[in-house]
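Peer 1: Below is one structure. I have some questions about it.
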Amino acid sequence: MSVQPKELFGPEFIRDPYPTYAWLREHDPVHRFLLPQGMPAWLVSRHDDVRAWLADPRLAKDLERFLPPDALPGHHVRDVLTKNMLASDPPRHTRLRRLASKAFTARRVQSLRPHITRLADELLDEMGDEGTTDLIDTLGLLPITVIYELLGVPQRDWEAFRAWSVLGSDEQSTGSEDFETSTKSLKEYTQALIADKRVTPGEDLLSDLIVARDEGDALSDDELVAMVFLLLLGGQETSISLIGATVYHLLGHPEQLALLRAEPERLPSAIEEVLRFDGPAMNASMRFAVEDIEIGGVPIPAGGIVFLGLGSAGHDSAHVPDGDSFDIRRSASKHLAFGHGVHTCIGSALARLEGEIAIGRLLARYGELSLAVHPDDLKWRPGMHFRGPAELPVSYRVEPR
């Protein structure tokens, strides 16, 4: 198999990147390719290399420092993409993460379980006893509702808020005119929401962040807006993809689905297996070499762009025996789906909980569940970062088992 740069962005790769990853791990584990903008970059595909470099400070995340000024046209785009903790390094990253992390402690996340369960049941009630639906549009509303509530976005504004934020769900949209316009609207709305909550704070994360800023922790208005953008993107897109991928792979492996129905206590391990096998982040967000380095014997110059292949790492047979097989009986908790090191996903506990509740309630209610289209006809998320079905038409029916 010959790997050309275009294959990293082509429809066959987007539909199923894992054969390409397998070839790269064996033949070209630190693969040089060209980004659509023409810049050279390196894709790291072996588990041990990926894990080590996720935590190595010689790869930096500071977009403002390393990204060329013309790479993100429009100052609104630059503001939301460069002033958040995902695009920052310590000590700035440490400060931003500390402020946001109190909303995502294990105790606080678990306290949301009854409410998230009620929300899931309400969405399933709307689906009725039988029919056909796109689960991305229906059950996918669960994580959207949860993150909007956490941020304190009034329900009357959810539809507009969703339209503004969804454009950023793949990196191919970030240079578009629509994204610049949408980002400007999102920024202006969030600034007005911040002003309202400064006068009348609520019991929500945005109010907490405003108080922390006003009490002397140096969060600028731009950082507050960028934090909202990041939490929106991570809080909805990651969990939606996890829910969609879990249903897709269970339906594609009927023996695994039957096992889970017979032994529902396996649900947490099933979620972990999906995260390893086909998690919502195909690659970690771009990093930059702060000095000349070598990865796997391949020299990368200072300033070089590096992508760490989370999805590829999960299939690496040197770390996971028979990594290309899907098995919910596997102990897969040491995967890298949510990263590793200081940039480990802050919302991973919430994503796991939402996935567990959504899948558990769906399977408990519907004894019949099947994919409503041929798997080859499904559309998948474009781009190099997010991974998951863009749509998931399923047929369902309540039936005693």
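Labeling convention for the structure tokens: chains A, B, ... as they appear, residues from 1 per chain, ligands from 1 in order of appearance.
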Using DSSP secondary structure from the backbone, list all alpha helix (DSSP H) positions within region 170-338 of chain A, as a PyMOL selection string.
Peer 2: chain A and resi 177-199+205-214+221-232+239-252+254-262+267-278+310-314
Peer 1: Quick one: residues within 7 Å of Ile240 (chain A), only C-alpha atoms, excluding same-chain residues fewer than 4 positions away - as a ChimeraX atom specification?
Peer 2: /A:136,140,143,236,244
Peer 1: For those residues, write all heavy atoms to a file as a compact mmCIF listing (two decimals), in the first residue's frame.
Peer 2:
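Contents of the output file selection_13.txt:
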```txt
# COMPACT_ATOMS: atom_id res chain seq x y z
N ILE A 136 -27.83 11.28 15.50
CA ILE A 136 -26.97 12.45 15.71
C ILE A 136 -27.83 13.68 15.97
O ILE A 136 -27.48 14.55 16.78
CB ILE A 136 -26.05 12.68 14.51
CG1 ILE A 136 -25.19 11.43 14.24
CG2 ILE A 136 -25.16 13.90 14.72
CD1 ILE A 136 -24.30 11.03 15.40
N GLY A 140 -28.32 12.96 19.98
CA GLY A 140 -27.18 13.87 20.03
C GLY A 140 -27.47 15.19 20.71
O GLY A 140 -26.55 15.94 21.06
N PRO A 143 -25.81 15.82 24.87
CA PRO A 143 -24.65 16.59 25.32
C PRO A 143 -24.76 18.07 25.02
O PRO A 143 -24.19 18.90 25.75
CB PRO A 143 -23.47 15.95 24.56
CG PRO A 143 -24.08 15.19 23.44
CD PRO A 143 -25.44 14.78 23.89
N GLN A 236 -19.85 19.38 23.27
CA GLN A 236 -20.91 18.81 22.45
C GLN A 236 -20.37 17.86 21.38
O GLN A 236 -20.86 16.74 21.23
CB GLN A 236 -21.78 19.91 21.83
CG GLN A 236 -21.05 20.90 20.95
CD GLN A 236 -21.94 22.07 20.55
OE1 GLN A 236 -22.96 22.35 21.17
NE2 GLN A 236 -21.54 22.78 19.52
N GLY A 244 -22.55 8.41 18.79
CA GLY A 244 -22.76 7.88 17.44
C GLY A 244 -21.88 6.69 17.14
O GLY A 244 -22.34 5.68 16.59
```
Peer 1: Just want the 10 Å neighbourhood of region 111-114 of chain A, counted on only C-alpha atoms, with same-chain residues fewer than 6 positions away dropped. Output as a PyMOL selection string.
Peer 2: chain A and resi 105+120+146+350+353-354+357
Peer 1: Using N, CA and C atoms, can you write the selected residues to a file as an mmCIF file, in the first residue's frame?
Peer 2:
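Writing done, so here's out07.cif:
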```cif
data_model
loop_
_atom_site.group_PDB
_atom_site.id
_atom_site.type_symbol
_atom_site.label_atom_id
_atom_site.label_comp_id
_atom_site.auth_asym_id
_atom_site.auth_seq_id
_atom_site.Cartn_x
_atom_site.Cartn_y
_atom_site.Cartn_z
ATOM 1 N N THR A 105 -15.065 18.173 38.075
ATOM 2 C CA THR A 105 -14.578 17.202 39.047
ATOM 3 C C THR A 105 -15.444 15.946 39.000
ATOM 4 N N ALA A 120 -32.109 12.269 28.869
ATOM 5 C CA ALA A 120 -32.067 11.195 27.876
ATOM 6 C C ALA A 120 -33.432 10.562 27.698
ATOM 7 N N VAL A 146 -26.726 19.505 27.897
ATOM 8 C CA VAL A 146 -25.945 19.500 29.134
ATOM 9 C C VAL A 146 -24.931 20.639 29.145
ATOM 10 N N LEU A 350 -17.253 13.675 31.984
ATOM 11 C CA LEU A 350 -18.600 14.028 31.536
ATOM 12 C C LEU A 350 -18.940 13.314 30.237
ATOM 13 N N LEU A 353 -19.806 9.745 31.030
ATOM 14 C CA LEU A 353 -21.107 9.635 31.685
ATOM 15 C C LEU A 353 -22.235 9.816 30.678
ATOM 16 N N GLU A 354 -22.124 10.809 29.808
ATOM 17 C CA GLU A 354 -23.166 11.039 28.804
ATOM 18 C C GLU A 354 -23.278 9.848 27.859
ATOM 19 N N ILE A 357 -24.967 6.874 29.779
ATOM 20 C CA ILE A 357 -26.402 7.068 29.994
ATOM 21 C C ILE A 357 -27.161 6.974 28.682
#
```
Peer 1: Report as CSV: every residue of region 297-321 of chain A with an atom at most 9 Å from region 25-33 of chain A, its closest pair of atoms, and their distance in Å to one decimal, counting only C-alpha atoms, with rows sorted by chain and ascending residue number.
Peer 2:
```
residue,atom,partner,partner_atom,distance
A:Gly297,CA,A:Val30,CA,8.6
A:Val298,CA,A:Val30,CA,6.6
A:Ser312,CA,A:Arg25,CA,8.0
A:Ala313,CA,A:Arg25,CA,8.9
A:Asp316,CA,A:Arg25,CA,7.6
```
Peer 1: Please dump the current selection as an mmCIF file, in the first residue's frame; keep N, CA and C atoms.
Peer 2:
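Result file is result31.cif:
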```
data_model
loop_
_atom_site.group_PDB
_atom_site.id
_atom_site.type_symbol
_atom_site.label_atom_id
_atom_site.label_comp_id
_atom_site.auth_asym_id
_atom_site.auth_seq_id
_atom_site.Cartn_x
_atom_site.Cartn_y
_atom_site.Cartn_z
ATOM 1 N N GLY A 297 13.502 8.643 15.280
ATOM 2 C CA GLY A 297 14.641 8.764 14.381
ATOM 3 C C GLY A 297 14.439 9.734 13.237
ATOM 4 N N VAL A 298 13.274 10.354 13.148
ATOM 5 C CA VAL A 298 12.973 11.303 12.069
ATOM 6 C C VAL A 298 13.221 12.724 12.572
ATOM 7 N N SER A 312 -4.734 6.051 15.702
ATOM 8 C CA SER A 312 -3.763 5.037 15.306
ATOM 9 C C SER A 312 -3.183 4.329 16.523
ATOM 10 N N ALA A 313 -2.875 5.094 17.569
ATOM 11 C CA ALA A 313 -2.301 4.504 18.783
ATOM 12 C C ALA A 313 -3.212 3.446 19.375
ATOM 13 N N ASP A 316 -2.616 0.020 17.747
ATOM 14 C CA ASP A 316 -1.233 -0.458 17.675
ATOM 15 C C ASP A 316 -1.110 -1.814 18.377
#
```
Peer 1: Which residues come within 8 Å of Tyr396 (chain A), counting only C-alpha atoms, excluding same-chain residues fewer than 6 positions away, as a tab-separated table (two decimals) with all heavy atoms, in the first residue's frame?
Peer 2:
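Written out: around.tsv:
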```
chain	number	residue	atom	x	y	z
A	129	ASP	N	-42.32	5.03	20.25
A	129	ASP	CA	-42.10	3.59	20.40
A	129	ASP	C	-41.45	2.94	19.18
A	129	ASP	O	-40.85	1.88	19.30
A	129	ASP	CB	-43.42	2.87	20.70
A	129	ASP	CG	-43.90	3.13	22.12
A	129	ASP	OD1	-43.10	3.67	22.92
A	129	ASP	OD2	-45.05	2.80	22.42
A	130	GLU	N	-41.59	3.54	18.01
A	130	GLU	CA	-40.96	2.97	16.82
A	130	GLU	C	-40.82	4.03	15.76
A	130	GLU	O	-41.51	5.07	15.78
A	130	GLU	CB	-41.75	1.78	16.28
A	130	GLU	CG	-43.14	2.10	15.79
A	130	GLU	CD	-43.83	0.85	15.22
A	130	GLU	OE1	-43.23	0.17	14.37
A	130	GLU	OE2	-44.95	0.55	15.66
A	131	GLY	N	-39.92	3.79	14.82
A	131	GLY	CA	-39.71	4.74	13.74
A	131	GLY	C	-38.29	4.69	13.23
A	131	GLY	O	-37.53	3.75	13.48
A	132	THR	N	-37.93	5.72	12.49
A	132	THR	CA	-36.57	5.88	11.98
A	132	THR	C	-36.12	7.30	12.29
A	132	THR	O	-36.90	8.26	12.12
A	132	THR	CB	-36.51	5.64	10.46
A	132	THR	OG1	-36.96	4.30	10.18
A	132	THR	CG2	-35.10	5.82	9.93
A	366	TYR	N	-35.32	0.16	23.55
A	366	TYR	CA	-35.61	-0.40	22.23
A	366	TYR	C	-34.98	-1.78	22.07
A	366	TYR	O	-33.76	-1.92	21.98
A	366	TYR	CB	-35.13	0.55	21.13
A	366	TYR	CG	-35.80	1.89	21.20
A	366	TYR	CD1	-35.08	3.05	21.47
A	366	TYR	CD2	-37.18	2.01	21.02
A	366	TYR	CE1	-35.69	4.28	21.55
A	366	TYR	CE2	-37.81	3.24	21.09
A	366	TYR	CZ	-37.07	4.36	21.37
A	366	TYR	OH	-37.70	5.59	21.45
A	367	GLY	N	-35.85	-2.80	22.02
A	367	GLY	CA	-35.38	-4.17	21.82
A	367	GLY	C	-34.96	-4.42	20.40
A	367	GLY	O	-34.18	-5.34	20.13
A	368	GLU	N	-35.48	-3.62	19.46
A	368	GLU	CA	-35.07	-3.72	18.06
A	368	GLU	C	-34.39	-2.41	17.68
A	368	GLU	O	-34.96	-1.32	17.85
A	368	GLU	CB	-36.28	-3.97	17.15
A	368	GLU	CG	-36.87	-5.36	17.29
A	368	GLU	CD	-37.91	-5.63	16.21
A	368	GLU	OE1	-38.03	-4.81	15.27
A	368	GLU	OE2	-38.61	-6.65	16.32
A	369	LEU	N	-33.19	-2.53	17.14
A	369	LEU	CA	-32.41	-1.36	16.74
A	369	LEU	C	-31.52	-1.78	15.59
A	369	LEU	O	-30.81	-2.79	15.68
A	369	LEU	CB	-31.56	-0.87	17.92
A	369	LEU	CG	-30.90	0.51	17.81
A	369	LEU	CD1	-31.95	1.61	17.74
A	369	LEU	CD2	-29.97	0.73	18.99
A	370	SER	N	-31.58	-1.04	14.49
A	370	SER	CA	-30.78	-1.42	13.32
A	370	SER	C	-30.41	-0.18	12.52
A	370	SER	O	-31.09	0.85	12.58
A	370	SER	CB	-31.54	-2.40	12.42
A	370	SER	OG	-32.75	-1.81	11.95
```
Peer 1: Taking 4 positions as the minimum chain separation for residues in the same chain, which residues sit within 10 Å of Phe288 (chain A) when counting only C-alpha atoms? Answer as a list of chain:residue names.
Peer 2: A:Ala41, A:Pro57, A:Arg58, A:Leu59, A:Ala60, A:Lys61, A:Asp62, A:Leu63, A:Arg65, A:Phe66, A:Leu67, A:Ile300, A:Pro301, A:Ala302, A:Gly303, A:Gly304, A:Ile305, A:Val306, A:Phe307
Peer 1: Suppose we keep N, CA and C atoms; can you now write the selection as a PDB file, in the first residue's frame?
Peer 2:
```pdb
ATOM      1  N   ALA A  41       3.949  18.983   7.621  1.00  0.00           N
ATOM      2  CA  ALA A  41       3.617  18.520   8.966  1.00  0.00           C
ATOM      3  C   ALA A  41       4.017  17.057   9.072  1.00  0.00           C
ATOM      4  N   PRO A  57       7.342  18.559  26.769  1.00  0.00           N
ATOM      5  CA  PRO A  57       7.235  20.016  26.568  1.00  0.00           C
ATOM      6  C   PRO A  57       7.965  20.529  25.342  1.00  0.00           C
ATOM      7  N   ARG A  58       8.744  19.685  24.682  1.00  0.00           N
ATOM      8  CA  ARG A  58       9.395  20.130  23.446  1.00  0.00           C
ATOM      9  C   ARG A  58       8.410  20.247  22.291  1.00  0.00           C
ATOM     10  N   LEU A  59       7.196  19.741  22.486  1.00  0.00           N
ATOM     11  CA  LEU A  59       6.100  20.012  21.556  1.00  0.00           C
ATOM     12  C   LEU A  59       5.143  20.973  22.244  1.00  0.00           C
ATOM     13  N   ALA A  60       4.988  22.161  21.692  1.00  0.00           N
ATOM     14  CA  ALA A  60       4.187  23.211  22.316  1.00  0.00           C
ATOM     15  C   ALA A  60       2.840  23.337  21.630  1.00  0.00           C
ATOM     16  N   LYS A  61       1.894  23.977  22.322  1.00  0.00           N
ATOM     17  CA  LYS A  61       0.536  24.164  21.800  1.00  0.00           C
ATOM     18  C   LYS A  61       0.207  25.624  21.493  1.00  0.00           C
ATOM     19  N   ASP A  62       1.101  26.542  21.761  1.00  0.00           N
ATOM     20  CA  ASP A  62       0.810  27.972  21.688  1.00  0.00           C
ATOM     21  C   ASP A  62       0.646  28.432  20.239  1.00  0.00           C
ATOM     22  N   LEU A  63      -0.616  28.497  19.783  1.00  0.00           N
ATOM     23  CA  LEU A  63      -0.884  28.896  18.404  1.00  0.00           C
ATOM     24  C   LEU A  63      -0.437  30.321  18.121  1.00  0.00           C
ATOM     25  N   ARG A  65       2.075  31.868  19.229  1.00  0.00           N
ATOM     26  CA  ARG A  65       3.533  31.928  19.076  1.00  0.00           C
ATOM     27  C   ARG A  65       4.000  31.326  17.759  1.00  0.00           C
ATOM     28  N   PHE A  66       3.379  30.233  17.327  1.00  0.00           N
ATOM     29  CA  PHE A  66       3.935  29.466  16.219  1.00  0.00           C
ATOM     30  C   PHE A  66       3.163  29.577  14.910  1.00  0.00           C
ATOM     31  N   LEU A  67       1.880  29.869  14.973  1.00  0.00           N
ATOM     32  CA  LEU A  67       1.086  29.846  13.747  1.00  0.00           C
ATOM     33  C   LEU A  67       1.325  31.112  12.932  1.00  0.00           C
ATOM     34  N   ILE A 300      12.819  16.624  12.966  1.00  0.00           N
ATOM     35  CA  ILE A 300      11.772  17.628  12.767  1.00  0.00           C
ATOM     36  C   ILE A 300      12.347  18.968  13.198  1.00  0.00           C
ATOM     37  N   PRO A 301      12.311  19.973  12.319  1.00  0.00           N
ATOM     38  CA  PRO A 301      12.946  21.250  12.647  1.00  0.00           C
ATOM     39  C   PRO A 301      12.129  22.057  13.646  1.00  0.00           C
ATOM     40  N   ALA A 302      12.763  22.983  14.312  1.00  0.00           N
ATOM     41  CA  ALA A 302      12.063  23.898  15.212  1.00  0.00           C
ATOM     42  C   ALA A 302      10.940  24.592  14.453  1.00  0.00           C
ATOM     43  N   GLY A 303       9.766  24.637  15.077  1.00  0.00           N
ATOM     44  CA  GLY A 303       8.594  25.215  14.427  1.00  0.00           C
ATOM     45  C   GLY A 303       7.791  24.224  13.618  1.00  0.00           C
ATOM     46  N   GLY A 304       8.322  22.995  13.440  1.00  0.00           N
ATOM     47  CA  GLY A 304       7.607  21.985  12.667  1.00  0.00           C
ATOM     48  C   GLY A 304       6.286  21.600  13.319  1.00  0.00           C
ATOM     49  N   ILE A 305       5.277  21.350  12.502  1.00  0.00           N
ATOM     50  CA  ILE A 305       3.933  21.004  12.983  1.00  0.00           C
ATOM     51  C   ILE A 305       3.830  19.486  13.126  1.00  0.00           C
ATOM     52  N   VAL A 306       3.375  19.046  14.291  1.00  0.00           N
ATOM     53  CA  VAL A 306       3.292  17.616  14.577  1.00  0.00           C
ATOM     54  C   VAL A 306       1.870  17.259  14.995  1.00  0.00           C
ATOM     55  N   PHE A 307       1.340  16.204  14.390  1.00  0.00           N
ATOM     56  CA  PHE A 307       0.057  15.627  14.788  1.00  0.00           C
ATOM     57  C   PHE A 307       0.326  14.269  15.436  1.00  0.00           C
TER      58      PHE A 307
END
```
Peer 1: Would you mind reading off the distance between CA of Phe229 (chain A) and CA of Ala245 (chain A), one decimal, in Å?
Peer 2: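 The value is 23.6 Å.
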Peer 1: May I ask which of the residues A:Ala22, A:Leu35, A:Leu308, A:Val320 is the closest one to Trp53 (chain A), counting only C-alpha atoms?
Peer 2: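 Closest to Trp53 (chain A) of all the choices is A:Leu308.
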Peer 1: Looking at only C-alpha atoms, which of A:Gly10, A:Gly341, A:Leu142, A:Pro154 is the one that sits closest to Asp56 (chain A)?
Peer 2: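 Ranked by minimum distance to Asp56 (chain A), first place goes to A:Gly341.
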Peer 1: Would you kindly return, as a PyMOL selection string, each protein, DNA or RNA residue with an atom no farther than 12 Å from any atom of Gly202 (chain A), considering only C-alpha atoms and excluding same-chain residues fewer than 4 positions away?
Peer 2: chain A and resi 149-154+193-194+196-198+206-211
Peer 1: How would the residues just picked look written out with all heavy atoms as a compact mmCIF listing (two decimals), in the first residue's frame?
Peer 2:
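Ended up saving to result16.txt:
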```txt
# COMPACT_ATOMS: atom_id res chain seq x y z
N GLU A 149 -26.60 24.07 29.51
CA GLU A 149 -27.03 24.28 30.89
C GLU A 149 -25.85 24.59 31.80
O GLU A 149 -25.93 25.47 32.67
CB GLU A 149 -27.80 23.06 31.40
CG GLU A 149 -29.16 22.88 30.75
CD GLU A 149 -29.91 21.67 31.29
OE1 GLU A 149 -29.26 20.80 31.92
OE2 GLU A 149 -31.13 21.58 31.08
N LEU A 150 -24.75 23.87 31.63
CA LEU A 150 -23.58 24.11 32.45
C LEU A 150 -23.05 25.54 32.27
O LEU A 150 -22.65 26.20 33.23
CB LEU A 150 -22.46 23.12 32.11
CG LEU A 150 -22.52 21.74 32.75
CD1 LEU A 150 -21.39 20.86 32.22
CD2 LEU A 150 -22.44 21.83 34.27
N LEU A 151 -23.07 26.01 31.02
CA LEU A 151 -22.57 27.36 30.74
C LEU A 151 -23.57 28.44 31.15
O LEU A 151 -23.19 29.60 31.31
CB LEU A 151 -22.25 27.49 29.25
CG LEU A 151 -20.99 26.79 28.76
CD1 LEU A 151 -20.92 26.80 27.25
CD2 LEU A 151 -19.75 27.45 29.35
N GLY A 152 -24.84 28.07 31.28
CA GLY A 152 -25.86 29.05 31.64
C GLY A 152 -26.42 29.80 30.45
O GLY A 152 -26.83 30.96 30.59
N VAL A 153 -26.45 29.17 29.28
CA VAL A 153 -27.04 29.79 28.10
C VAL A 153 -28.55 29.67 28.18
O VAL A 153 -29.07 28.56 28.33
CB VAL A 153 -26.53 29.11 26.81
CG1 VAL A 153 -27.17 29.76 25.57
CG2 VAL A 153 -25.01 29.18 26.72
N PRO A 154 -29.29 30.78 28.12
CA PRO A 154 -30.76 30.70 28.18
C PRO A 154 -31.32 29.81 27.07
O PRO A 154 -30.84 29.85 25.94
CB PRO A 154 -31.20 32.15 28.00
CG PRO A 154 -30.03 32.97 28.43
CD PRO A 154 -28.82 32.17 28.02
N LEU A 193 -23.70 38.10 27.04
CA LEU A 193 -24.08 37.17 28.11
C LEU A 193 -23.19 37.38 29.34
O LEU A 193 -23.66 37.34 30.48
CB LEU A 193 -23.97 35.73 27.60
CG LEU A 193 -24.47 34.61 28.53
CD1 LEU A 193 -25.95 34.77 28.81
CD2 LEU A 193 -24.19 33.24 27.89
N ILE A 194 -21.90 37.60 29.10
CA ILE A 194 -20.97 37.88 30.20
C ILE A 194 -21.40 39.14 30.94
O ILE A 194 -21.41 39.18 32.18
CB ILE A 194 -19.54 38.01 29.66
CG1 ILE A 194 -19.01 36.65 29.20
CG2 ILE A 194 -18.60 38.60 30.73
CD1 ILE A 194 -17.73 36.72 28.40
N ASP A 196 -24.39 40.40 31.18
CA ASP A 196 -25.61 40.11 31.95
C ASP A 196 -25.28 39.33 33.23
O ASP A 196 -25.81 39.64 34.30
CB ASP A 196 -26.58 39.29 31.09
CG ASP A 196 -27.22 40.13 29.99
OD1 ASP A 196 -27.16 41.37 30.07
OD2 ASP A 196 -27.76 39.53 29.05
N LYS A 197 -24.41 38.33 33.11
CA LYS A 197 -24.11 37.50 34.28
C LYS A 197 -23.22 38.23 35.28
O LYS A 197 -23.20 37.87 36.46
CB LYS A 197 -23.46 36.18 33.82
CG LYS A 197 -24.45 35.26 33.12
CD LYS A 197 -23.84 33.92 32.78
CE LYS A 197 -24.87 33.03 32.10
NZ LYS A 197 -26.00 32.70 33.00
N ARG A 198 -22.52 39.24 34.82
CA ARG A 198 -21.74 40.03 35.77
C ARG A 198 -22.68 40.82 36.69
O ARG A 198 -22.38 41.04 37.87
CB ARG A 198 -20.80 40.96 35.02
CG ARG A 198 -19.81 41.69 35.92
CD ARG A 198 -18.74 42.41 35.12
NE ARG A 198 -17.75 41.46 34.61
CZ ARG A 198 -17.45 41.32 33.33
NH1 ARG A 198 -18.09 42.01 32.40
NH2 ARG A 198 -16.52 40.47 32.96
N LEU A 206 -20.09 29.74 33.56
CA LEU A 206 -19.70 31.06 33.06
C LEU A 206 -19.72 32.09 34.19
O LEU A 206 -18.80 32.92 34.30
CB LEU A 206 -20.61 31.48 31.91
CG LEU A 206 -20.25 32.81 31.22
CD1 LEU A 206 -18.79 32.81 30.76
CD2 LEU A 206 -21.18 33.05 30.03
N SER A 207 -20.72 32.04 35.04
CA SER A 207 -20.76 32.95 36.19
C SER A 207 -19.56 32.72 37.10
O SER A 207 -18.96 33.68 37.61
CB SER A 207 -22.07 32.76 36.98
OG SER A 207 -23.19 33.12 36.20
N ASP A 208 -19.19 31.47 37.31
CA ASP A 208 -18.02 31.16 38.14
C ASP A 208 -16.75 31.72 37.53
O ASP A 208 -15.89 32.27 38.25
CB ASP A 208 -17.87 29.64 38.31
CG ASP A 208 -18.97 29.03 39.18
OD1 ASP A 208 -19.67 29.80 39.88
OD2 ASP A 208 -19.12 27.80 39.14
N LEU A 209 -16.62 31.60 36.22
CA LEU A 209 -15.42 32.13 35.56
C LEU A 209 -15.36 33.65 35.63
O LEU A 209 -14.28 34.23 35.78
CB LEU A 209 -15.40 31.66 34.10
CG LEU A 209 -15.17 30.17 33.87
CD1 LEU A 209 -15.37 29.83 32.40
CD2 LEU A 209 -13.79 29.75 34.33
N ILE A 210 -16.51 34.29 35.53
CA ILE A 210 -16.55 35.75 35.62
C ILE A 210 -16.13 36.21 37.01
O ILE A 210 -15.34 37.14 37.16
CB ILE A 210 -17.96 36.28 35.28
CG1 ILE A 210 -18.28 36.02 33.80
CG2 ILE A 210 -18.08 37.76 35.61
CD1 ILE A 210 -19.73 36.20 33.46
N VAL A 211 -16.62 35.55 38.02
CA VAL A 211 -16.26 35.90 39.39
C VAL A 211 -14.77 35.72 39.60
O VAL A 211 -14.09 36.58 40.18
CB VAL A 211 -17.07 35.06 40.40
CG1 VAL A 211 -16.54 35.26 41.80
CG2 VAL A 211 -18.54 35.41 40.33
```
Peer 1: Which one is closest to Glu263 (chain A): A:Arg51, A:Arg287, A:Arg329, A:Lys187? Count only C-alpha atoms.
Peer 2: A:Arg329
Peer 1: From the set A:Tyr148, A:Pro382, A:Asp48, A:Thr20, which residue has the shortest atom-to-atom contact distance to Ser317 (chain A), counting only C-alpha atoms?
Peer 2: A:Asp48
Peer 1: Please give the complete set of residues from region 39-242 of chain A that DSSP, run on the backbone, assigns to strand (DSSP E), formatted as a PyMOL selection string.
Peer 2: chain A and resi 40-44+59-60+130-134
Peer 1: Keeping N, CA, C and O atoms for every residue in the selection just given, could you write it to a file as a PDB file, in the first residue's frame?
Peer 2:
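Output contents, as saved in result03.pdb:
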```pdb
ATOM      1  N   PRO A  40       4.257  21.940   5.579  1.00  0.00           N
ATOM      2  CA  PRO A  40       4.639  20.561   5.917  1.00  0.00           C
ATOM      3  C   PRO A  40       4.271  20.245   7.358  1.00  0.00           C
ATOM      4  O   PRO A  40       4.250  21.113   8.228  1.00  0.00           O
ATOM      5  N   ALA A  41       3.949  18.983   7.621  1.00  0.00           N
ATOM      6  CA  ALA A  41       3.617  18.520   8.966  1.00  0.00           C
ATOM      7  C   ALA A  41       4.017  17.057   9.072  1.00  0.00           C
ATOM      8  O   ALA A  41       4.296  16.393   8.065  1.00  0.00           O
ATOM      9  N   TRP A  42       4.070  16.555  10.309  1.00  0.00           N
ATOM     10  CA  TRP A  42       4.442  15.172  10.557  1.00  0.00           C
ATOM     11  C   TRP A  42       3.348  14.495  11.377  1.00  0.00           C
ATOM     12  O   TRP A  42       2.854  15.056  12.362  1.00  0.00           O
ATOM     13  N   LEU A  43       2.973  13.277  10.963  1.00  0.00           N
ATOM     14  CA  LEU A  43       1.956  12.500  11.659  1.00  0.00           C
ATOM     15  C   LEU A  43       2.634  11.324  12.353  1.00  0.00           C
ATOM     16  O   LEU A  43       3.269  10.479  11.709  1.00  0.00           O
ATOM     17  N   VAL A  44       2.495  11.257  13.688  1.00  0.00           N
ATOM     18  CA  VAL A  44       3.104  10.208  14.496  1.00  0.00           C
ATOM     19  C   VAL A  44       2.039   9.154  14.781  1.00  0.00           C
ATOM     20  O   VAL A  44       0.959   9.478  15.278  1.00  0.00           O
ATOM     21  N   LEU A  59       7.196  19.741  22.486  1.00  0.00           N
ATOM     22  CA  LEU A  59       6.100  20.012  21.556  1.00  0.00           C
ATOM     23  C   LEU A  59       5.143  20.973  22.244  1.00  0.00           C
ATOM     24  O   LEU A  59       4.563  20.638  23.286  1.00  0.00           O
ATOM     25  N   ALA A  60       4.988  22.161  21.692  1.00  0.00           N
ATOM     26  CA  ALA A  60       4.187  23.211  22.316  1.00  0.00           C
ATOM     27  C   ALA A  60       2.840  23.337  21.630  1.00  0.00           C
ATOM     28  O   ALA A  60       2.646  22.886  20.497  1.00  0.00           O
ATOM     29  N   GLU A 130     -41.587   3.539  18.009  1.00  0.00           N
ATOM     30  CA  GLU A 130     -40.957   2.973  16.822  1.00  0.00           C
ATOM     31  C   GLU A 130     -40.825   4.033  15.758  1.00  0.00           C
ATOM     32  O   GLU A 130     -41.509   5.067  15.785  1.00  0.00           O
ATOM     33  N   GLY A 131     -39.916   3.786  14.820  1.00  0.00           N
ATOM     34  CA  GLY A 131     -39.712   4.737  13.741  1.00  0.00           C
ATOM     35  C   GLY A 131     -38.285   4.692  13.234  1.00  0.00           C
ATOM     36  O   GLY A 131     -37.530   3.746  13.484  1.00  0.00           O
ATOM     37  N   THR A 132     -37.929   5.719  12.493  1.00  0.00           N
ATOM     38  CA  THR A 132     -36.568   5.882  11.980  1.00  0.00           C
ATOM     39  C   THR A 132     -36.123   7.298  12.287  1.00  0.00           C
ATOM     40  O   THR A 132     -36.897   8.257  12.124  1.00  0.00           O
ATOM     41  N   THR A 133     -34.896   7.442  12.747  1.00  0.00           N
ATOM     42  CA  THR A 133     -34.394   8.764  13.108  1.00  0.00           C
ATOM     43  C   THR A 133     -32.898   8.824  12.878  1.00  0.00           C
ATOM     44  O   THR A 133     -32.217   7.799  12.834  1.00  0.00           O
ATOM     45  N   ASP A 134     -32.376  10.028  12.733  1.00  0.00           N
ATOM     46  CA  ASP A 134     -30.934  10.254  12.733  1.00  0.00           C
ATOM     47  C   ASP A 134     -30.530  10.507  14.181  1.00  0.00           C
ATOM     48  O   ASP A 134     -30.841  11.561  14.743  1.00  0.00           O
TER      49      ASP A 134
END
```
